[in-house]
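S.K.: As input, take my_file_23.txt (compact mmCIF, C-alpha atoms and all ligand atoms):
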```txt
# COMPACT_ATOMS: atom_id res chain seq x y z
CA MET A 29 -14.81 -18.37 -23.24
CA ALA A 30 -13.28 -18.87 -26.62
CA SER A 31 -14.29 -16.25 -29.13
CA SER A 32 -15.87 -12.87 -28.79
CA ASP A 33 -15.77 -9.96 -31.19
CA ALA A 34 -13.40 -7.03 -30.91
CA ASP A 35 -15.77 -5.26 -28.50
CA GLY A 36 -15.76 -8.25 -26.16
CA HIS A 37 -19.28 -9.46 -27.04
CA THR A 38 -19.89 -13.19 -27.06
CA PRO A 39 -21.97 -14.65 -29.89
CA THR A 40 -24.90 -15.11 -27.50
CA ALA A 41 -24.90 -11.67 -25.90
CA THR A 42 -28.44 -10.93 -27.15
CA PRO A 43 -30.53 -7.87 -26.24
CA ALA A 44 -32.05 -7.85 -22.75
CA GLN A 45 -35.63 -8.76 -23.85
CA GLY A 46 -37.18 -7.28 -20.75
CA ASP A 47 -34.89 -8.84 -18.14
CA LEU A 48 -31.47 -7.30 -17.76
CA PHE A 49 -30.01 -10.62 -16.58
CA GLN A 50 -31.24 -12.58 -19.63
CA LYS A 51 -27.88 -11.98 -21.34
CA CYS A 52 -26.09 -13.59 -18.39
CA ARG A 53 -28.16 -16.76 -18.69
CA ALA A 54 -27.58 -16.87 -22.45
CA TYR A 55 -23.86 -16.35 -21.83
CA GLN A 56 -23.81 -19.18 -19.29
CA GLU A 57 -25.43 -21.59 -21.78
CA TRP A 58 -22.88 -20.70 -24.43
CA PHE A 59 -20.04 -20.86 -21.88
CA ASP A 60 -21.11 -24.33 -20.68
CA SER A 61 -21.36 -25.63 -24.25
CA GLN A 62 -17.84 -24.36 -25.00
CA LEU A 63 -16.52 -25.94 -21.82
CA GLU A 64 -18.06 -29.29 -22.71
CA LEU A 65 -16.55 -29.10 -26.18
CA LEU A 66 -13.09 -28.34 -24.82
CA GLY A 67 -13.12 -30.57 -21.74
CA PHE A 68 -11.04 -28.13 -19.64
CA TYR A 69 -10.93 -24.44 -18.72
CA PRO A 70 -7.73 -22.58 -19.61
CA PHE A 71 -8.30 -19.34 -17.66
CA PHE A 72 -8.33 -18.16 -14.03
CA ALA A 73 -6.08 -21.07 -12.95
CA ALA A 74 -5.48 -20.59 -9.22
CA ILE A 75 -1.83 -20.65 -8.17
CA GLN A 76 -1.34 -22.22 -4.75
CA GLU A 77 2.28 -21.31 -4.20
CA VAL A 78 5.14 -19.51 -5.98
CA ARG A 79 8.83 -20.41 -5.85
CA GLY A 80 10.71 -18.14 -8.25
CA THR A 81 10.05 -19.54 -11.73
CA THR A 82 7.80 -22.31 -10.36
CA ALA A 83 4.05 -21.98 -9.85
CA VAL A 84 2.14 -24.70 -8.04
CA ILE A 85 -1.29 -25.40 -9.56
CA ASP A 86 -3.51 -28.34 -8.60
CA GLY A 87 -0.65 -29.58 -6.44
CA ARG A 88 1.75 -29.77 -9.40
CA ASP A 89 4.94 -27.78 -10.00
CA LEU A 90 4.74 -25.87 -13.29
CA LEU A 91 7.54 -23.94 -14.93
CA MET A 92 6.23 -20.41 -15.42
CA ILE A 93 6.68 -18.93 -18.90
CA GLY A 94 3.55 -16.80 -18.69
CA SER A 95 4.52 -14.07 -16.25
CA ASN A 96 5.34 -10.40 -16.78
CA ASN A 97 7.72 -10.48 -13.82
CA TYR A 98 10.48 -9.89 -16.39
CA LEU A 99 13.35 -9.33 -14.00
CA GLY A 100 12.09 -11.75 -11.37
CA LEU A 101 11.99 -8.90 -8.86
CA SER A 102 8.68 -9.83 -7.23
CA TRP A 103 10.69 -12.78 -5.90
CA ASP A 104 13.83 -10.83 -4.95
CA PRO A 105 14.44 -10.96 -1.15
CA ARG A 106 15.29 -7.23 -1.08
CA VAL A 107 11.98 -6.32 -2.71
CA LYS A 108 10.00 -8.65 -0.46
CA GLU A 109 11.71 -7.28 2.67
CA ALA A 110 11.01 -3.67 1.62
CA ALA A 111 7.31 -4.49 1.24
CA ILE A 112 7.20 -6.17 4.66
CA ALA A 113 8.95 -3.22 6.34
CA ALA A 114 6.50 -0.76 4.77
CA VAL A 115 3.52 -2.73 6.05
CA LYS A 116 5.04 -2.65 9.54
CA ARG A 117 5.51 1.12 9.38
CA TYR A 118 2.38 2.29 7.53
CA GLY A 119 -0.10 -0.62 7.71
CA THR A 120 -1.71 -2.41 4.78
CA SER A 121 -3.73 0.39 3.15
CA CYS A 122 -3.77 4.16 2.67
CA SER A 123 -7.54 4.04 3.09
CA GLY A 124 -8.18 7.00 0.83
CA SER A 125 -7.45 8.88 -2.37
CA ARG A 126 -4.19 10.68 -3.13
CA TYR A 127 -6.21 13.87 -3.17
CA LEU A 128 -7.20 13.64 0.49
CA ASN A 129 -5.71 11.37 3.17
CA GLY A 130 -4.03 8.85 0.83
CA THR A 131 -0.65 10.47 0.05
CA LEU A 132 2.39 9.10 1.89
CA THR A 133 5.92 10.45 1.74
CA LEU A 134 6.60 7.11 0.01
CA HIS A 135 4.46 8.25 -2.96
CA GLU A 136 6.38 11.50 -3.28
CA GLU A 137 9.80 9.89 -2.89
CA LEU A 138 9.00 7.23 -5.50
CA GLU A 139 7.66 9.88 -7.89
CA ALA A 140 10.84 11.94 -7.60
CA ASP A 141 12.96 8.84 -8.18
CA LEU A 142 10.93 7.75 -11.19
CA ALA A 143 11.05 11.21 -12.77
CA ASP A 144 14.82 11.13 -12.46
CA PHE A 145 14.99 7.56 -13.84
CA VAL A 146 13.07 8.42 -17.02
CA GLY A 147 14.66 11.87 -17.34
CA ARG A 148 11.50 13.96 -16.95
CA PRO A 149 10.77 16.85 -14.54
CA ALA A 150 7.82 15.17 -12.77
CA ALA A 151 6.02 11.86 -12.27
CA LEU A 152 2.71 10.78 -10.77
CA CYS A 153 1.75 7.35 -9.41
CA PHE A 154 -1.64 5.69 -9.86
CA THR A 155 -2.91 2.55 -8.14
CA THR A 156 -2.64 0.36 -11.26
CA GLY A 157 -1.19 0.65 -14.74
CA TYR A 158 -4.71 0.41 -16.14
CA GLN A 159 -5.80 3.38 -14.05
CA THR A 160 -2.74 5.32 -15.17
CA ASN A 161 -3.78 5.04 -18.81
CA LEU A 162 -7.41 5.66 -17.98
CA GLY A 163 -6.62 8.73 -15.88
CA ALA A 164 -3.82 10.32 -17.87
CA ILE A 165 -5.27 9.86 -21.37
CA SER A 166 -8.81 10.85 -20.39
CA ALA A 167 -7.55 13.95 -18.56
CA LEU A 168 -5.48 15.11 -21.51
CA LEU A 169 -8.08 14.72 -24.25
CA GLY A 170 -10.37 17.74 -24.33
CA LYS A 171 -13.35 18.57 -26.53
CA HIS A 172 -12.55 18.44 -30.27
CA ASP A 173 -9.05 17.02 -29.74
CA HIS A 174 -7.81 14.22 -32.02
CA VAL A 175 -6.18 11.05 -30.71
CA PHE A 176 -4.15 8.58 -32.79
CA SER A 177 -3.71 5.07 -31.43
CA ASP A 178 -1.75 2.12 -32.83
CA ARG A 179 -4.19 -0.72 -33.62
CA PHE A 180 -2.23 -3.11 -31.37
CA ASN A 181 -2.14 -0.82 -28.32
CA HIS A 182 -3.19 -2.31 -24.99
CA ALA A 183 -6.89 -2.30 -24.04
CA SER A 184 -6.24 0.18 -21.20
CA VAL A 185 -5.09 2.77 -23.76
CA MET A 186 -8.32 2.33 -25.71
CA ASP A 187 -10.34 2.46 -22.49
CA GLY A 188 -8.64 5.76 -21.60
CA ILE A 189 -9.69 7.08 -25.01
CA PHE A 190 -13.29 5.78 -24.65
CA HIS A 191 -13.48 7.24 -21.15
CA ALA A 192 -12.46 10.66 -22.52
CA SER A 193 -14.88 10.30 -25.41
CA GLY A 194 -17.74 9.55 -23.04
CA ARG A 195 -16.92 12.49 -20.80
CA ARG A 196 -16.59 14.89 -23.74
CA LEU A 197 -19.84 13.65 -25.29
CA GLY A 198 -18.24 12.11 -28.33
CA THR A 199 -16.53 15.29 -29.56
CA ILE A 200 -13.09 13.65 -29.52
CA LYS A 201 -12.02 12.25 -32.88
CA VAL A 202 -10.44 8.80 -32.54
CA HIS A 203 -8.06 7.50 -35.24
CA ARG A 204 -6.61 3.98 -35.11
CA TYR A 205 -3.62 3.62 -37.39
CA ALA A 206 -2.11 0.43 -38.83
CA HIS A 207 0.23 -1.36 -36.45
CA ASN A 208 3.63 0.32 -36.18
CA SER A 209 3.05 2.21 -39.44
CA ALA A 210 4.39 5.77 -39.46
CA GLU A 211 3.01 6.06 -43.02
CA ASP A 212 -0.54 5.32 -41.90
CA LEU A 213 -0.11 7.60 -38.88
CA ASP A 214 1.01 10.35 -41.25
CA ARG A 215 -2.11 9.80 -43.38
CA SER A 216 -4.35 9.97 -40.31
CA LEU A 217 -2.65 13.09 -38.97
CA ARG A 218 -3.07 14.82 -42.32
CA SER A 219 -6.83 14.24 -42.10
CA ALA A 220 -7.05 16.28 -38.86
CA PRO A 221 -7.34 20.09 -38.85
CA ALA A 222 -3.91 21.73 -38.48
CA ASP A 223 -5.02 23.70 -35.40
CA ALA A 224 -6.58 20.75 -33.51
CA GLY A 225 -4.95 19.36 -30.34
CA LYS A 226 -3.39 15.99 -31.26
CA LEU A 227 -2.13 13.09 -29.16
CA VAL A 228 -0.36 10.02 -30.56
CA VAL A 229 -0.48 7.04 -28.20
CA THR A 230 1.67 3.97 -28.63
CA ASP A 231 3.00 1.04 -26.66
CA GLY A 232 6.81 0.90 -26.52
CA VAL A 233 6.78 -2.91 -26.67
CA PHE A 234 3.52 -4.42 -27.88
CA SER A 235 2.02 -6.72 -25.28
CA MET A 236 1.04 -9.68 -27.48
CA GLU A 237 3.43 -9.44 -30.43
CA GLY A 238 6.54 -8.52 -28.44
CA ASP A 239 7.77 -6.11 -31.11
CA ILE A 240 9.16 -2.62 -30.52
CA VAL A 241 7.50 0.57 -31.74
CA ARG A 242 9.39 2.39 -34.50
CA LEU A 243 9.51 5.37 -32.22
CA ASP A 244 12.01 7.38 -34.25
CA GLU A 245 9.68 7.32 -37.28
CA VAL A 246 6.51 7.84 -35.22
CA ALA A 247 8.11 10.80 -33.41
CA GLU A 248 9.27 12.41 -36.65
CA VAL A 249 5.76 12.23 -38.14
CA ALA A 250 4.11 13.40 -34.91
CA ARG A 251 6.45 16.41 -34.60
CA ARG A 252 5.80 17.40 -38.18
CA HIS A 253 2.06 17.60 -37.42
CA GLY A 254 2.42 19.28 -34.02
CA ALA A 255 1.15 16.18 -32.17
CA ARG A 256 2.22 15.14 -28.65
CA ILE A 257 3.42 11.58 -27.97
CA TYR A 258 2.30 9.36 -25.09
CA LEU A 259 4.47 6.24 -24.71
CA ASP A 260 3.27 3.19 -22.74
CA GLU A 261 6.40 1.47 -21.43
CA ALA A 262 4.66 -1.39 -19.56
CA HIS A 263 6.68 -4.08 -21.36
CA ALA A 264 9.71 -1.94 -22.22
CA ILE A 265 11.22 -0.62 -18.98
CA GLY A 266 13.44 -3.34 -17.50
CA VAL A 267 13.32 -5.17 -20.82
CA ILE A 268 14.87 -3.17 -23.68
CA GLY A 269 17.64 -0.59 -23.96
CA ALA A 270 21.30 -1.23 -23.15
CA THR A 271 20.67 -0.96 -19.38
CA GLY A 272 16.94 -1.78 -19.40
CA ARG A 273 15.61 1.77 -19.36
CA GLY A 274 13.14 1.17 -22.15
CA THR A 275 12.29 2.38 -25.62
CA GLU A 276 14.02 5.75 -25.53
CA GLU A 277 17.25 4.12 -24.40
CA HIS A 278 16.80 1.58 -27.21
CA PHE A 279 16.71 4.49 -29.70
CA GLY A 280 19.39 6.43 -27.87
CA ARG A 281 17.44 9.64 -27.26
CA PRO A 282 14.24 11.14 -25.78
CA LEU A 283 11.43 10.86 -28.33
CA SER A 284 8.18 11.23 -26.38
CA ASP A 285 6.34 13.87 -24.38
CA LEU A 286 4.88 11.57 -21.75
CA ILE A 287 6.12 8.23 -20.49
CA MET A 288 3.79 5.82 -18.76
CA CYS A 289 4.69 2.51 -17.11
CA THR A 290 3.15 -0.05 -14.81
CA PHE A 291 4.73 -1.60 -11.71
CA SER A 292 3.09 -4.99 -12.28
CA LYS A 293 5.76 -6.21 -14.68
CA SER A 294 9.51 -5.45 -14.36
CA PHE A 295 8.96 -3.62 -11.06
CA GLY A 296 7.48 -6.75 -9.42
CA SER A 297 4.74 -4.76 -7.71
CA LEU A 298 1.37 -3.17 -8.52
CA GLY A 299 0.63 0.39 -9.63
CA GLY A 300 1.73 2.68 -12.42
CA PHE A 301 3.08 6.13 -13.20
CA VAL A 302 3.09 8.83 -15.84
CA ALA A 303 6.04 11.21 -16.24
CA GLY A 304 6.47 14.44 -18.18
CA ASP A 305 6.57 18.22 -17.88
CA ARG A 306 5.64 19.55 -14.46
CA GLU A 307 2.52 21.46 -15.52
CA VAL A 308 1.22 18.53 -17.60
CA VAL A 309 1.65 16.10 -14.70
CA ASN A 310 0.03 18.60 -12.34
CA TYR A 311 -2.93 18.90 -14.73
CA ILE A 312 -3.34 15.09 -14.82
CA LYS A 313 -3.06 15.06 -11.02
CA HIS A 314 -6.06 17.37 -10.72
CA GLU A 315 -8.12 16.13 -13.70
CA GLY A 316 -7.48 12.36 -13.66
CA ARG A 317 -10.59 10.86 -12.11
CA PRO A 318 -9.10 7.40 -11.38
CA LEU A 319 -6.52 9.18 -9.20
CA ILE A 320 -9.00 11.37 -7.37
CA PHE A 321 -11.86 8.90 -6.92
CA SER A 322 -9.94 5.75 -6.03
CA ALA A 323 -7.74 4.77 -3.07
CA SER A 324 -4.02 5.34 -3.56
CA MET A 325 -1.22 2.80 -4.06
CA PRO A 326 -0.72 0.93 -0.76
CA PRO A 327 2.54 1.04 1.25
CA ALA A 328 3.75 -2.48 0.40
CA ASN A 329 3.43 -1.83 -3.35
CA LEU A 330 5.17 1.55 -3.08
CA ALA A 331 8.09 0.12 -1.15
CA ALA A 332 8.39 -2.88 -3.50
CA ALA A 333 8.41 -0.61 -6.57
CA ALA A 334 11.01 1.68 -4.96
CA ALA A 335 13.27 -1.27 -4.06
CA ALA A 336 12.90 -2.69 -7.58
CA LEU A 337 13.77 0.69 -9.11
CA LYS A 338 16.96 0.81 -7.05
CA ILE A 339 17.93 -2.66 -8.26
CA MET A 340 17.14 -1.76 -11.87
CA ARG A 341 19.38 1.30 -11.62
CA GLU A 342 22.28 -0.48 -9.91
CA GLU A 343 22.16 -3.90 -11.56
CA PRO A 344 21.59 -3.61 -15.33
CA GLU A 345 22.87 -7.19 -15.66
CA HIS A 346 19.34 -8.53 -15.03
CA ALA A 347 17.93 -6.71 -18.08
CA GLN A 348 20.98 -7.77 -20.08
CA ARG A 349 20.49 -11.44 -19.14
CA LEU A 350 16.81 -11.14 -20.10
CA GLN A 351 17.83 -9.78 -23.50
CA ARG A 352 20.17 -12.74 -24.08
CA ILE A 353 17.42 -15.18 -23.04
CA SER A 354 14.90 -13.50 -25.34
CA ALA A 355 17.24 -13.59 -28.34
CA ARG A 356 17.94 -17.28 -27.72
CA MET A 357 14.26 -18.25 -27.41
CA ILE A 358 13.25 -16.33 -30.54
CA ARG A 359 16.13 -17.88 -32.51
CA GLU A 360 15.44 -21.43 -31.33
CA TYR A 361 11.66 -21.27 -31.74
CA LYS A 362 12.18 -20.09 -35.31
CA ALA A 363 14.74 -22.83 -35.95
CA VAL A 364 12.25 -25.59 -35.08
CA GLY A 365 9.55 -24.00 -37.23
CA PHE A 366 7.32 -21.98 -34.88
CA ASP A 367 5.80 -18.78 -36.20
CA VAL A 368 6.87 -16.08 -33.71
CA ASP A 369 6.00 -13.35 -36.21
CA LEU A 370 7.27 -9.94 -35.07
CA ALA A 371 8.80 -10.95 -31.71
CA GLU A 372 11.98 -9.12 -30.70
CA THR A 373 11.75 -8.89 -26.89
CA ALA A 374 10.97 -11.06 -23.82
CA ILE A 375 7.43 -11.60 -25.11
CA VAL A 376 7.55 -14.40 -27.66
CA PRO A 377 4.16 -15.39 -29.11
CA LEU A 378 3.77 -18.79 -30.75
CA ILE A 379 1.17 -17.99 -33.40
CA ILE A 380 -1.32 -20.83 -33.87
CA GLY A 381 -4.28 -19.10 -35.57
CA ASP A 382 -7.12 -21.44 -34.60
CA ASP A 383 -8.68 -20.98 -31.12
CA HIS A 384 -9.29 -24.65 -30.35
CA LEU A 385 -5.87 -25.78 -31.51
CA THR A 386 -4.39 -23.04 -29.31
CA PHE A 387 -6.29 -24.36 -26.30
CA ARG A 388 -5.17 -27.93 -27.05
CA PHE A 389 -1.58 -26.76 -27.32
CA TRP A 390 -1.92 -24.87 -24.04
CA ARG A 391 -3.36 -27.96 -22.32
CA ALA A 392 -0.58 -30.23 -23.61
CA LEU A 393 2.05 -27.81 -22.27
CA PHE A 394 0.22 -27.66 -18.96
CA GLU A 395 0.20 -31.45 -18.70
CA ALA A 396 3.91 -31.52 -19.52
CA GLY A 397 4.62 -29.11 -16.64
CA ILE A 398 4.73 -25.72 -18.36
CA TYR A 399 2.50 -22.74 -17.72
CA ALA A 400 2.04 -20.33 -20.68
CA ASN A 401 -0.91 -18.11 -21.64
CA PRO A 402 -3.43 -18.86 -24.41
CA VAL A 403 -4.65 -15.65 -26.08
CA VAL A 404 -7.72 -15.49 -28.32
CA THR A 405 -10.01 -12.64 -29.46
CA PRO A 406 -10.44 -9.94 -28.14
CA GLY A 407 -6.82 -10.14 -26.88
CA VAL A 408 -5.73 -10.58 -30.52
CA PRO A 409 -7.55 -10.10 -33.84
CA PRO A 410 -9.73 -13.07 -34.98
CA GLY A 411 -7.67 -15.88 -36.58
CA ARG A 412 -4.49 -14.89 -34.74
CA ALA A 413 -4.86 -17.00 -31.59
CA LEU A 414 -1.50 -17.58 -29.94
CA ILE A 415 0.35 -18.96 -26.98
CA ARG A 416 2.00 -15.99 -25.30
CA THR A 417 5.31 -17.05 -23.80
CA SER A 418 7.34 -14.55 -21.80
CA TYR A 419 10.67 -14.85 -20.05
CA MET A 420 12.30 -13.77 -16.83
CA ALA A 421 15.92 -12.94 -16.08
CA ILE A 422 15.78 -15.61 -13.35
CA HIS A 423 15.03 -18.48 -15.76
CA THR A 424 18.00 -20.85 -15.80
CA ASP A 425 19.48 -22.20 -19.03
CA GLU A 426 18.35 -25.70 -18.03
CA GLU A 427 14.77 -24.49 -17.60
CA LEU A 428 14.87 -22.90 -21.02
CA ASP A 429 16.25 -26.12 -22.55
CA ARG A 430 13.26 -27.93 -21.07
CA VAL A 431 10.81 -25.36 -22.46
CA LEU A 432 12.28 -25.67 -25.94
CA GLU A 433 12.26 -29.46 -25.84
CA ILE A 434 8.64 -29.69 -24.64
CA THR A 435 7.20 -26.99 -26.91
CA ALA A 436 8.86 -28.59 -29.95
CA ALA A 437 7.59 -32.08 -29.04
CA VAL A 438 4.04 -30.83 -28.45
CA GLY A 439 4.17 -28.62 -31.56
CA ARG A 440 5.11 -31.63 -33.70
CA ARG A 441 2.49 -33.90 -32.12
CA LEU A 442 -0.28 -31.37 -32.81
CA GLY A 443 0.95 -30.62 -36.32
CA ILE A 444 1.75 -26.99 -35.50
CA ILE A 445 5.37 -27.28 -36.62
C1 LIG A 501 0.83 -2.16 -22.48
C2 LIG A 501 0.10 -2.20 -21.17
N1 LIG A 501 -0.29 -1.06 -20.61
C3 LIG A 501 -0.95 -1.04 -19.43
C4 LIG A 501 -1.25 -2.19 -18.75
C5 LIG A 501 -2.01 -2.16 -17.47
O1 LIG A 501 -1.18 -2.40 -16.40
P1 LIG A 501 -1.65 -3.12 -15.04
O2 LIG A 501 -1.95 -4.55 -15.37
O3 LIG A 501 -0.48 -2.98 -14.17
O4 LIG A 501 -2.86 -2.41 -14.55
C6 LIG A 501 -0.86 -3.42 -19.29
C7 LIG A 501 -1.15 -4.67 -18.56
O5 LIG A 501 -1.21 -5.75 -19.00
C8 LIG A 501 -0.16 -3.43 -20.54
O6 LIG A 501 0.21 -4.58 -21.10
```
Show me, as structure tokens, the structure contained in the file I just sent.

M.R.:
Amino acid sequence: MASSDADGHTPTATPAQGDLFQKCRAYQEWFDSQLELLGFYPFFAAIQEVRGTTAVIDGRDLLMIGSNNYLGLSWDPRVKEAAIAAVKRYGTSCSGSRYLNGTLTLHEELEADLADFVGRPAALCFTTGYQTNLGAISALLGKHDHVFSDRFNHASVMDGIFHASGRRLGTIKVHRYAHNSAEDLDRSLRSAPADAGKLVVTDGVFSMEGDIVRLDEVAEVARRHGARIYLDEAHAIGVIGATGRGTEEHFGRPLSDLIMCTFSKSFGSLGGFVAGDREVVNYIKHEGRPLIFSASMPPANLAAAAAALKIMREEPEHAQRLQRISARMIREYKAVGFDVDLAETAIVPLIIGDDHLTFRFWRALFEAGIYANPVVTPGVPPGRALIRTSYMAIHTDEELDRVLEITAAVGRRLGII
């Protein structure tokens, strides 16, 4: 439960010793011992009801500061109504892959709208953000290509790379460069043959640290080496940029070759898309196995994402409010002595370091009526355990006052600040 190494192995994940399930029993023993030590379980908490920024757990109202619903749109009546209407018209499932019976006009309309929104000729929707990274990255990487990934990229990016590596029998060369370091990226790119195919993959906003990629520097280095850039905007669209259009808007110009985003965050839905040149998107459409061999995005999720996109286009004030909230929380956490490290967006990590202290902090917040997320290895490097707080445009100022008051009181009591 607590610690596992960077590959997700627990300390007790021993070899099978004849019975494949032996590792599960060993894991259970270790898991139970950890649970006894801690006295509570901080993951998989079941939410009984949602009311905007409130989540009901174990019959208690908790103020949610652990959601990626950045603009609050999963709770917007217009988004909810769109989802309900789509279910009435198309049913609850597409019951098949995009490739065969699972494409609705809703998919094509949303794709056209998204392409226009991010300023690219074409877009393609997958059933989840995870599958988007898995499908697009693994389709693009061919034998002997080189891929360059920021060390803090999301796990789905790395899984896309591993998936490609497995399919191409390990001929793909994987480079992981130091977090947000164009210098280290430059060094890595120089080590690759000049004529090799090269892909640089980076998050726009990093999912645990809440910092923004230095995309202008990364793009300059990538261009110099003839590398293509794949930008994961999961935590950026709806969050940064003057009107919430993401990292490129933040930098004031197009800087990537492919833009990917998920619908599970600002869009208040489920699914994901990749956008870029028409022939590249068409290639991914026909080579991306998670698109071809999995059922397509269902009607309710399509309609919710489309309604959210319309709101994001027409009402930039939600992203702007979120930006004001984020700046306030970062400033006030720092003022009382929390270590928020690199945070500059709606994701504000409170860095604790020690796993058990992080769990105790999480529990104390929970008891005081606040829901945040504890993150330990492999979500973060060992020794960097943190409480991931994240904000929504629909949080009221009074709710944020309460969060600041409670986190400071608990932080002092546990000796964190
Ligand atoms: C940066 C990043 N990319 C991709 C994903 C995957 O998206 P989804 O959860 O919608 O499958 C996530 C989800 O947490 C993410 O943080």

S.K.: Please, which residues have at least one atom within 7 Å of an atom of ligand LIG 501 (chain A), using all atoms listed in the file, listed as a list in words?

M.R.: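 Sorted by chain and then by number, the residues are Thr156, Gly157, Tyr158, Gln159, Asn161, Asn181, His182, Ser184, Val185, Asp231, Phe234, Ser235, Asp260, Glu261, Ala262, His263, Thr290, Phe291, Ser292, Leu298, Gly299 and Gly300 of chain A.
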
S.K.: Output as a Markdown table one row per residue of segment 73-118 of chain A within 8 Å of segment 314-332 of chain A: the closest atom pair and its distance in Å to one decimal place, counting all atoms listed in the file, sorted by chain and residue number ascending.

M.R.:
```
| residue | atom | partner | partner_atom | distance |
| --- | --- | --- | --- | --- |
| A:Ser102 | CA | A:Ala332 | CA | 7.9 |
| A:Val107 | CA | A:Ala332 | CA | 5.0 |
| A:Lys108 | CA | A:Ala332 | CA | 6.7 |
| A:Ala110 | CA | A:Ala331 | CA | 5.5 |
| A:Ala111 | CA | A:Ala328 | CA | 4.2 |
| A:Ile112 | CA | A:Ala328 | CA | 6.6 |
| A:Ala113 | CA | A:Ala328 | CA | 7.9 |
| A:Ala114 | CA | A:Ala328 | CA | 5.4 |
| A:Val115 | CA | A:Ala328 | CA | 5.7 |
| A:Tyr118 | CA | A:Pro327 | CA | 6.4 |
```

S.K.: I need the residue nearest Ala164 of chain A from this list: A:Asp383, A:Asp187, A:Glu343, A:Glu64. Use all atoms listed in the file for the distance.

M.R.: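 Result for the nearest residue to Ala164 of chain A: A:Asp187.
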
S.K.: Measure the distance from atom CA of Trp390 of chain A to atom CA of Pro402 of chain A in Å and round it to one decimal.

M.R.: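 Going from atom CA of Trp390 of chain A over to atom CA of Pro402 of chain A covers 6.2 Å.
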
S.K.: Nearest to Ala347 of chain A: which of A:Leu101, A:Asp212, A:Pro410, A:Gly124 is it, counting all atoms listed in the file?

M.R.: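 Answer, going by the shortest atom-to-atom distance: A:Leu101.
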
S.K.: Smallest atom-to-atom distance to Val228 of chain A: which of A:Ser209, A:Ser177, A:Thr424, A:Thr271, using all atoms listed in the file?

M.R.: A:Ser177

S.K.: Would you list the contacts of Leu414 of chain A as a PDB file with C-alpha atoms, in the frame of the given file, taking every protein, DNA or RNA residue within 7 Å and counting all atoms listed in the file, but skipping same-chain residues closer than 3 positions in sequence?

M.R.:
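Saved the output as around_31.pdb:
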```pdb
ATOM      1  CA  PRO A 377       4.160 -15.390 -29.110  1.00  0.00           C
ATOM      2  CA  LEU A 378       3.770 -18.790 -30.750  1.00  0.00           C
ATOM      3  CA  ILE A 379       1.170 -17.990 -33.400  1.00  0.00           C
ATOM      4  CA  ILE A 380      -1.320 -20.830 -33.870  1.00  0.00           C
ATOM      5  CA  GLY A 381      -4.280 -19.100 -35.570  1.00  0.00           C
ATOM      6  CA  THR A 386      -4.390 -23.040 -29.310  1.00  0.00           C
ATOM      7  CA  PRO A 402      -3.430 -18.860 -24.410  1.00  0.00           C
ATOM      8  CA  VAL A 403      -4.650 -15.650 -26.080  1.00  0.00           C
ATOM      9  CA  VAL A 404      -7.720 -15.490 -28.320  1.00  0.00           C
TER      10      VAL A 404
END
```

S.K.: Residues at most 10 Å from Leu138 of chain A, counting only C-alpha atoms, excluding those fewer than 5 positions away in the same chain, as a list in words?

M.R.: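 Residues meeting the cut-off are Thr133, Ala143, Asp144, Ala151, Leu152, Cys153, Phe301, Leu330, Ala331, Ala333, Ala334, Ala335 and Leu337 of chain A.
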
S.K.: Mind checking which residues fall within 12 Å of Glu395 of chain A, counting only C-alpha atoms, ignoring those fewer than 2 positions away in the same chain, and posting them as a list in words?

M.R.: Phe68, Pro70, Ile85, Asp86, Arg88, Asp89, Leu90, Leu91, Arg388, Phe389, Trp390, Arg391, Ala392, Leu393, Gly397, Ile398, Tyr399, Ala400, Ile434, Thr435 and Val438 of chain A

S.K.: Which one of A:Val229, A:Ile265, A:Ile422, A:Ala270 sits closest to Arg79 of chain A if you count all atoms listed in the file?

M.R.: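 Among A:Val229, A:Ile265, A:Ile422, A:Ala270, it is A:Ile422 that comes nearest to Arg79 of chain A.
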
S.K.: Tell me which of A:Thr230, A:Gln50, A:Ser123, A:Ser193 sits closest to Tyr205 of chain A, counting all atoms listed in the file.

M.R.: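 Nearest to Tyr205 of chain A: A:Thr230.
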
S.K.: Tell me, in Å to one decimal, how far atom CA of Met288 of chain A is from atom CA of Gly163 of chain A.

M.R.: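 Separation between atom CA of Met288 of chain A and atom CA of Gly163 of chain A: 11.2 Å.
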
S.K.: Could the centre and edge lengths of an axis-aligned box, enclosing all atoms of segment 414-432 of chain A in the file with 5 Å extra on each side, be given in Å to one decimal as AutoDock Vina command-line options?

M.R.:
```
--center_x 9.0 --center_y -20.4 --center_z -21.6 --size_x 31.0 --size_y 25.0 --size_z 26.6
```

S.K.: Could you work out how far atom CA of Glu427 of chain A lies from atom CA of Glu360 of chain A, giving the answer in Å with one decimal?

M.R.: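 We find that atom CA of Glu360 of chain A and atom CA of Glu427 of chain A lie 14.1 Å from each other.
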
S.K.: Looking at A:Leu48, A:Lys313, A:Gly87, A:Leu283, which one is nearest to Arg126 of chain A, with distances taken over all atoms listed in the file?

M.R.: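 Checking each candidate against Arg126 of chain A, we get A:Lys313 as the closest.
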
S.K.: Show which residues sit within 12 Å of Ala150 of chain A, as a ChimeraX atom specification. Count all atoms listed in the file, and ignore same-chain residues fewer than 6 positions away.

M.R.: /A:136-144,285-288,301-313
